[in-house]
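Trainee: Structure file structure.csv (CSV, C-alpha atoms and all ligand atoms) right here:
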```
chain,number,residue,atom,x,y,z
A,1,MET,CA,-4.9,161.2,218.5
A,2,ASN,CA,-8.5,160.0,218.9
A,3,VAL,CA,-10.9,162.8,219.5
A,4,ILE,CA,-13.7,161.9,222.0
A,5,THR,CA,-17.3,162.9,221.4
A,6,PRO,CA,-19.3,163.0,224.6
A,7,VAL,CA,-22.8,161.6,224.3
A,8,LEU,CA,-25.7,161.5,226.9
A,9,GLY,CA,-27.9,158.5,226.2
A,10,ASP,CA,-28.3,154.8,225.7
A,11,ILE,CA,-25.4,153.1,224.0
A,12,THR,CA,-27.7,150.5,222.4
A,13,THR,CA,-29.1,153.1,220.1
A,14,GLN,CA,-25.8,154.5,218.8
A,15,GLN,CA,-25.3,154.4,215.1
A,16,VAL,CA,-21.7,153.3,215.0
A,17,ASP,CA,-19.8,150.3,213.6
A,18,ALA,CA,-19.1,148.9,217.1
A,19,ILE,CA,-20.4,149.4,220.6
A,20,VAL,CA,-18.4,148.4,223.6
A,21,ASN,CA,-20.0,146.3,226.4
A,22,ALA,CA,-18.8,146.4,230.0
A,23,ALA,CA,-19.2,142.7,230.4
A,24,ASN,CA,-18.0,140.3,233.2
A,25,ASN,CA,-15.6,137.3,233.1
A,26,ALA,CA,-18.3,134.8,232.5
A,27,MET,CA,-19.5,136.5,229.3
A,28,ARG,CA,-23.0,135.2,229.6
A,29,GLY,CA,-24.8,138.5,230.1
A,30,GLY,CA,-25.4,140.5,233.2
A,31,GLY,CA,-27.0,143.7,234.6
A,32,GLY,CA,-26.4,147.3,233.7
A,33,VAL,CA,-25.2,148.1,230.2
A,34,ASP,CA,-24.5,144.4,229.6
A,35,GLY,CA,-28.2,143.6,230.2
A,36,ALA,CA,-29.3,146.5,228.1
A,37,ILE,CA,-27.1,145.3,225.2
A,38,HIS,CA,-28.3,141.7,225.3
A,39,ARG,CA,-31.9,142.8,225.6
A,40,ALA,CA,-31.8,145.2,222.7
A,41,GLY,CA,-29.6,143.0,220.5
A,42,GLY,CA,-31.5,139.8,221.0
A,43,PRO,CA,-30.4,136.2,221.6
A,44,ALA,CA,-27.8,136.1,218.8
A,45,ILE,CA,-25.3,138.0,221.0
A,46,LEU,CA,-25.5,135.4,223.8
A,47,ARG,CA,-25.2,132.6,221.2
A,48,ASP,CA,-22.1,134.2,219.8
A,49,CYS,CA,-20.7,134.7,223.3
A,50,ILE,CA,-21.1,131.0,224.1
A,51,ALA,CA,-19.5,130.0,220.8
A,52,ARG,CA,-16.6,132.4,220.8
A,53,PHE,CA,-15.9,132.6,224.5
A,54,PRO,CA,-16.4,129.1,226.0
A,55,ASN,CA,-14.1,130.0,228.9
A,56,GLY,CA,-15.2,133.6,229.3
A,57,LEU,CA,-12.8,136.6,229.1
A,58,ALA,CA,-10.0,137.8,231.3
A,59,THR,CA,-10.2,141.2,233.1
A,60,GLY,CA,-8.7,143.9,231.0
A,61,ASP,CA,-9.1,141.9,227.8
A,62,ALA,CA,-11.7,142.3,225.0
A,63,GLY,CA,-13.3,140.3,222.2
A,64,TRP,CA,-16.1,140.8,219.7
A,65,THR,CA,-19.4,139.3,218.8
A,66,THR,CA,-22.2,140.1,216.4
A,67,ALA,CA,-24.4,143.0,217.4
A,68,GLY,CA,-27.6,141.0,216.6
A,69,GLU,CA,-30.5,143.4,216.0
A,70,LEU,CA,-28.6,146.5,217.2
A,71,PRO,CA,-27.8,149.3,214.7
A,72,ALA,CA,-24.1,148.6,215.3
A,73,ARG,CA,-22.3,145.8,213.3
A,74,TRP,CA,-20.3,144.5,216.3
A,75,VAL,CA,-20.3,144.4,220.0
A,76,ILE,CA,-16.8,144.5,221.5
A,77,HIS,CA,-17.0,143.0,225.0
A,78,THR,CA,-14.5,144.0,227.6
A,79,VAL,CA,-14.2,143.1,231.3
A,80,GLY,CA,-13.4,146.0,233.6
A,81,PRO,CA,-11.8,145.5,237.0
A,82,ASN,CA,-14.3,145.1,239.8
A,83,TYR,CA,-13.2,148.0,242.2
A,84,ALA,CA,-16.0,147.1,244.6
A,85,ALA,CA,-14.5,143.6,244.9
A,86,GLY,CA,-11.0,144.9,245.5
A,87,GLN,CA,-9.6,144.9,241.9
A,88,ARG,CA,-8.0,148.3,241.8
A,89,ASP,CA,-5.3,147.9,239.2
A,90,ARG,CA,-5.8,151.0,237.0
A,91,ALA,CA,-3.7,149.4,234.2
A,92,LEU,CA,-6.5,146.9,233.8
A,93,LEU,CA,-9.1,149.6,233.2
A,94,LEU,CA,-6.8,151.4,230.7
A,95,SER,CA,-6.3,148.0,229.0
A,96,CYS,CA,-10.0,147.6,228.4
A,97,TYR,CA,-10.2,150.7,226.3
A,98,ARG,CA,-6.9,150.0,224.4
A,99,ARG,CA,-7.9,146.3,223.6
A,100,ALA,CA,-11.3,147.4,222.5
A,101,LEU,CA,-9.8,149.9,220.1
A,102,GLU,CA,-7.3,147.4,218.9
A,103,ILE,CA,-10.1,144.9,218.0
A,104,ALA,CA,-12.1,147.7,216.4
A,105,GLY,CA,-9.1,148.4,214.2
A,106,GLU,CA,-8.7,144.8,213.3
A,107,LEU,CA,-12.4,144.6,212.3
A,108,GLY,CA,-12.1,147.6,210.1
A,109,ALA,CA,-14.5,149.7,212.3
A,110,ARG,CA,-14.3,153.4,211.8
A,111,SER,CA,-16.7,154.4,214.6
A,112,ILE,CA,-17.1,153.1,218.1
A,113,ALA,CA,-19.1,154.0,221.3
A,114,PHE,CA,-17.8,153.3,224.8
A,115,PRO,CA,-19.7,153.2,228.1
A,116,LEU,CA,-18.0,154.2,231.3
A,117,ILE,CA,-16.4,150.8,232.0
A,118,SER,CA,-16.3,149.8,235.7
A,119,ALA,CA,-18.2,153.0,236.7
A,120,GLY,CA,-21.5,151.2,237.5
A,121,VAL,CA,-21.9,148.0,239.7
A,122,TYR,CA,-18.1,147.6,239.7
A,123,GLY,CA,-17.8,150.8,241.6
A,124,TRP,CA,-14.8,152.6,240.1
A,125,PRO,CA,-14.9,156.2,241.4
A,126,LEU,CA,-16.6,158.2,238.6
A,127,ASP,CA,-14.1,160.9,238.1
A,128,ASP,CA,-11.2,158.5,237.8
A,129,ALA,CA,-13.2,156.1,235.6
A,130,ILE,CA,-13.7,159.1,233.2
A,131,ALA,CA,-10.0,160.2,233.5
A,132,ALA,CA,-8.9,156.6,232.6
A,133,ALA,CA,-11.3,156.5,229.6
A,134,VAL,CA,-10.0,159.8,228.3
A,135,GLU,CA,-6.3,158.9,228.9
A,136,ALA,CA,-6.6,155.5,227.2
A,137,ILE,CA,-8.7,156.6,224.3
A,138,THR,CA,-6.7,159.7,223.4
A,139,GLY,CA,-3.4,157.9,223.9
A,140,ALA,CA,-4.2,154.7,221.9
A,141,THR,CA,-2.3,153.8,218.8
A,142,THR,CA,-5.4,152.7,217.0
A,143,GLN,CA,-7.0,155.8,215.4
A,144,LEU,CA,-10.7,155.8,214.5
A,145,ASP,CA,-12.8,158.5,212.9
A,146,ASP,CA,-15.5,158.7,215.5
A,147,VAL,CA,-15.0,157.7,219.1
A,148,ARG,CA,-17.9,158.3,221.5
A,149,LEU,CA,-18.0,158.2,225.2
A,150,VAL,CA,-21.6,157.5,226.2
A,151,ALA,CA,-22.8,158.6,229.7
A,152,PHE,CA,-26.1,157.3,230.9
A,153,SER,CA,-26.9,159.9,233.4
A,154,ARG,CA,-26.8,163.7,233.4
A,155,ASN,CA,-24.4,163.6,236.4
A,156,SER,CA,-21.9,161.4,234.6
A,157,TYR,CA,-22.3,163.4,231.3
A,158,ASP,CA,-21.6,166.6,233.1
A,159,ALA,CA,-18.5,165.0,234.6
A,160,VAL,CA,-17.3,163.9,231.2
A,161,LEU,CA,-17.8,167.4,229.7
A,162,GLN,CA,-15.9,168.9,232.6
A,163,GLN,CA,-12.9,166.6,232.1
A,164,LEU,CA,-12.9,167.0,228.3
A,165,ALA,CA,-12.8,170.8,228.8
A,166,ALA,CA,-9.9,170.6,231.3
N,201,LIG,P1,-19.6,147.8,235.4
N,201,LIG,O1,-20.1,146.4,236.0
N,201,LIG,O2,-18.4,147.7,234.5
N,201,LIG,O3,-19.5,148.8,236.4
N,201,LIG,P2,-22.3,148.7,234.6
N,201,LIG,O4,-23.1,148.3,233.5
N,201,LIG,O5,-22.8,148.5,236.0
N,201,LIG,O6,-20.8,148.1,234.4
N,201,LIG,O7,-22.0,150.3,234.5
N,201,LIG,C1,-21.1,150.9,233.6
N,201,LIG,C2,-21.6,152.3,233.2
N,201,LIG,O8,-22.6,152.1,232.1
N,201,LIG,C3,-22.3,153.0,234.3
N,201,LIG,O9,-21.9,154.4,234.2
N,201,LIG,C4,-23.8,152.9,233.9
N,201,LIG,O10,-24.6,154.0,234.4
N,201,LIG,C5,-23.7,152.9,232.4
N,201,LIG,N1,-24.9,152.3,231.7
N,201,LIG,C6,-25.9,151.5,232.1
N,201,LIG,N2,-26.7,151.2,231.2
N,201,LIG,C7,-26.3,151.9,230.1
N,201,LIG,C8,-26.8,152.1,228.7
N,201,LIG,N3,-27.9,151.4,228.3
N,201,LIG,N4,-26.1,152.9,227.9
N,201,LIG,C9,-24.9,153.5,228.3
N,201,LIG,N5,-24.4,153.4,229.5
N,201,LIG,C10,-25.1,152.6,230.4
```
The structure in this file should be written as structure tokens.

Mentor:
Amino acid sequence: MNVITPVLGDITTQQVDAIVNAANNAMRGGGGVDGAIHRAGGPAILRDCIARFPNGLATGDAGWTTAGELPARWVIHTVGPNYAAGQRDRALLLSCYRRALEIAGELGARSIAFPLISAGVYGWPLDDAIAAAVEAITGATTQLDDVRLVAFSRNSYDAVLQQLAA
């Protein structure tokens, strides 16, 4: 069973093998954590996205690129369901975490950091976004040594702590 380490901070500074990006179907950059990752990692990430994902990425799926100038070795991009736009299939949100862990395992990563996928612009209710993250990460068949769940605000961090203690 994967053990989750809660972190309050910026995912781009995490010293892990892979960080996960909450991307969109187009896979050409965006706002929120996606924008932060492309800014901090530099243009190599977008170049790799264009080369490796000419047709973008399906919701619930994941794929990797270089991490450019980030401390991580890889960025694993995944596309969460856009709750605000009416995509409310929870299985797709669980799939994002599972697929990202699967790809991390294939790459030989031992450590990974996740943001709260779909919990920003995509509007998934925070407590359930966290519950889905915890359920998918702890229940995944791919086991890594260090799995971090990175919250970007005190409010979401406190909610993560509360659910991990429950
Ligand atoms: P989505 O479109 O999947 O909702 P967002 O990027 O809008 O993705 O938000 C996902 C989560 O990532 C939100 O909880 C947001 O606060 C958080 N976030 C934004 N920037 C960062 C960052 N630099 N590091 C970690 N988490 C971040």

Trainee: Neighbouring residues of range 64-68 of chain A were defined as those with any atom within 7 Å, considering only C-alpha atoms; residues of the same chain fewer than 5 positions away were excluded. Please report them as a VMD selection string.

Mentor: chain A and resid 41 to 42 44 to 45 48 to 49 73 to 77

Trainee: Report as a tab-separated table: every residue of chain A with an atom at most 9 Å from ligand LIG 201 (chain N), its closest pair of atoms, and their distance in Å to one decimal, counting all atoms listed in the file, with rows sorted by chain and ascending residue number.

Mentor:
```
residue	atom	partner	partner_atom	distance
A:Leu8	CA	N:LIG201	C9	8.2
A:Gly9	CA	N:LIG201	N4	6.1
A:Asp10	CA	N:LIG201	N4	3.6
A:Ile11	CA	N:LIG201	N4	4.0
A:Thr12	CA	N:LIG201	N3	6.0
A:Thr13	CA	N:LIG201	N4	8.4
A:Asn21	CA	N:LIG201	O4	8.0
A:Ala22	CA	N:LIG201	O2	4.7
A:Ala23	CA	N:LIG201	O2	6.5
A:Asn24	CA	N:LIG201	O1	7.0
A:Gly30	CA	N:LIG201	O4	8.1
A:Gly31	CA	N:LIG201	O4	6.1
A:Gly32	CA	N:LIG201	O4	3.5
A:Val33	CA	N:LIG201	N2	3.6
A:Asp34	CA	N:LIG201	O4	5.7
A:Gly35	CA	N:LIG201	O4	7.7
A:Ala36	CA	N:LIG201	N3	5.1
A:Ile37	CA	N:LIG201	N3	6.9
A:Thr78	CA	N:LIG201	O2	8.7
A:Val79	CA	N:LIG201	O2	7.0
A:Gly80	CA	N:LIG201	O2	5.4
A:Pro81	CA	N:LIG201	O2	7.4
A:Asn82	CA	N:LIG201	O1	7.1
A:Tyr83	CA	N:LIG201	O3	8.6
A:Phe114	CA	N:LIG201	C9	7.9
A:Pro115	CA	N:LIG201	N5	4.9
A:Leu116	CA	N:LIG201	C2	4.5
A:Ile117	CA	N:LIG201	O2	4.5
A:Ser118	CA	N:LIG201	O2	3.2
A:Ala119	CA	N:LIG201	O3	4.4
A:Gly120	CA	N:LIG201	O7	3.2
A:Val121	CA	N:LIG201	O5	3.8
A:Tyr122	CA	N:LIG201	O3	3.8
A:Gly123	CA	N:LIG201	O3	5.8
A:Trp124	CA	N:LIG201	O3	7.1
A:Leu126	CA	N:LIG201	O9	7.9
A:Ala129	CA	N:LIG201	O9	9.0
A:Leu149	CA	N:LIG201	C9	8.9
A:Val150	CA	N:LIG201	C9	5.6
A:Ala151	CA	N:LIG201	N5	5.4
A:Phe152	CA	N:LIG201	N5	4.5
A:Ser153	CA	N:LIG201	O10	6.4
A:Ser156	CA	N:LIG201	O9	7.0
```

Trainee: What separation in Å, quoted to one decimal, exists between CA of Ala113 in chain A and CA of Asp145 in chain A?

Mentor: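 Between CA of Ala113 in chain A and CA of Asp145 in chain A the gap works out to 11.4 Å.
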
Trainee: Please indicate the distance in Å from CA of Asp158 in chain A to CA of Gly139 in chain A, rounded to one decimal place.

Mentor: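 Taking CA of Asp158 in chain A as the start and CA of Gly139 in chain A as the end point, the length is 22.2 Å.
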
Trainee: What does the distance from CA of Glu106 in chain A to CA of Met1 in chain A come to in Å, to one decimal?

Mentor: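 CA of Met1 in chain A lies 17.6 Å from CA of Glu106 in chain A.
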
Trainee: Have a look at A:Pro43, A:Pro6, A:Gly108, A:Gly63 and name the one nearest to Asn25 in chain A; count only C-alpha atoms.

Mentor: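 The shortest atom-to-atom distance to Asn25 in chain A comes from A:Gly63.
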
Trainee: Given the choices A:Gly105, A:Gln163, A:Gly86, A:Arg154, which gets closest to Ala133 in chain A if the distance is worked out from only C-alpha atoms?

Mentor: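 Nearest to Ala133 in chain A: A:Gln163.
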
Trainee: Go through A:Ser95, A:Thr142, A:Ser111, A:Gln87 and flag the residue nearest Asp61 in chain A, using only C-alpha atoms for the distances.

Mentor: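 The shortest atom-to-atom distance to Asp61 in chain A comes from A:Ser95.
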
Trainee: Please determine, counting only C-alpha atoms, which residue among A:Ala84, A:Ala18, A:Leu70, A:Ala62 has the shortest atom-to-atom distance to Ala104 in chain A.

Mentor: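 Ranked by minimum distance to Ala104 in chain A, first place goes to A:Ala18.
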
Trainee: With all atoms listed in the file as the atoms that count, which of A:Ala165, A:Gln14, A:Ile19, A:Glu135 lies nearest to Leu94 in chain A?

Mentor: A:Glu135

Trainee: The residues within 12 Å of (-3.0, 159.8, 224.0), using only C-alpha atoms and the coordinates of the file, should be reported as a PyMOL selection string; which are they?

Mentor: chain A and resi 1-4+94+97-98+131-143

Trainee: Here is a test: counting all atoms listed in the file, which residue of A:Ala91, A:Leu107, A:Ala51, A:Ala58 is nearest to Asp17 in chain A?

Mentor: A:Leu107
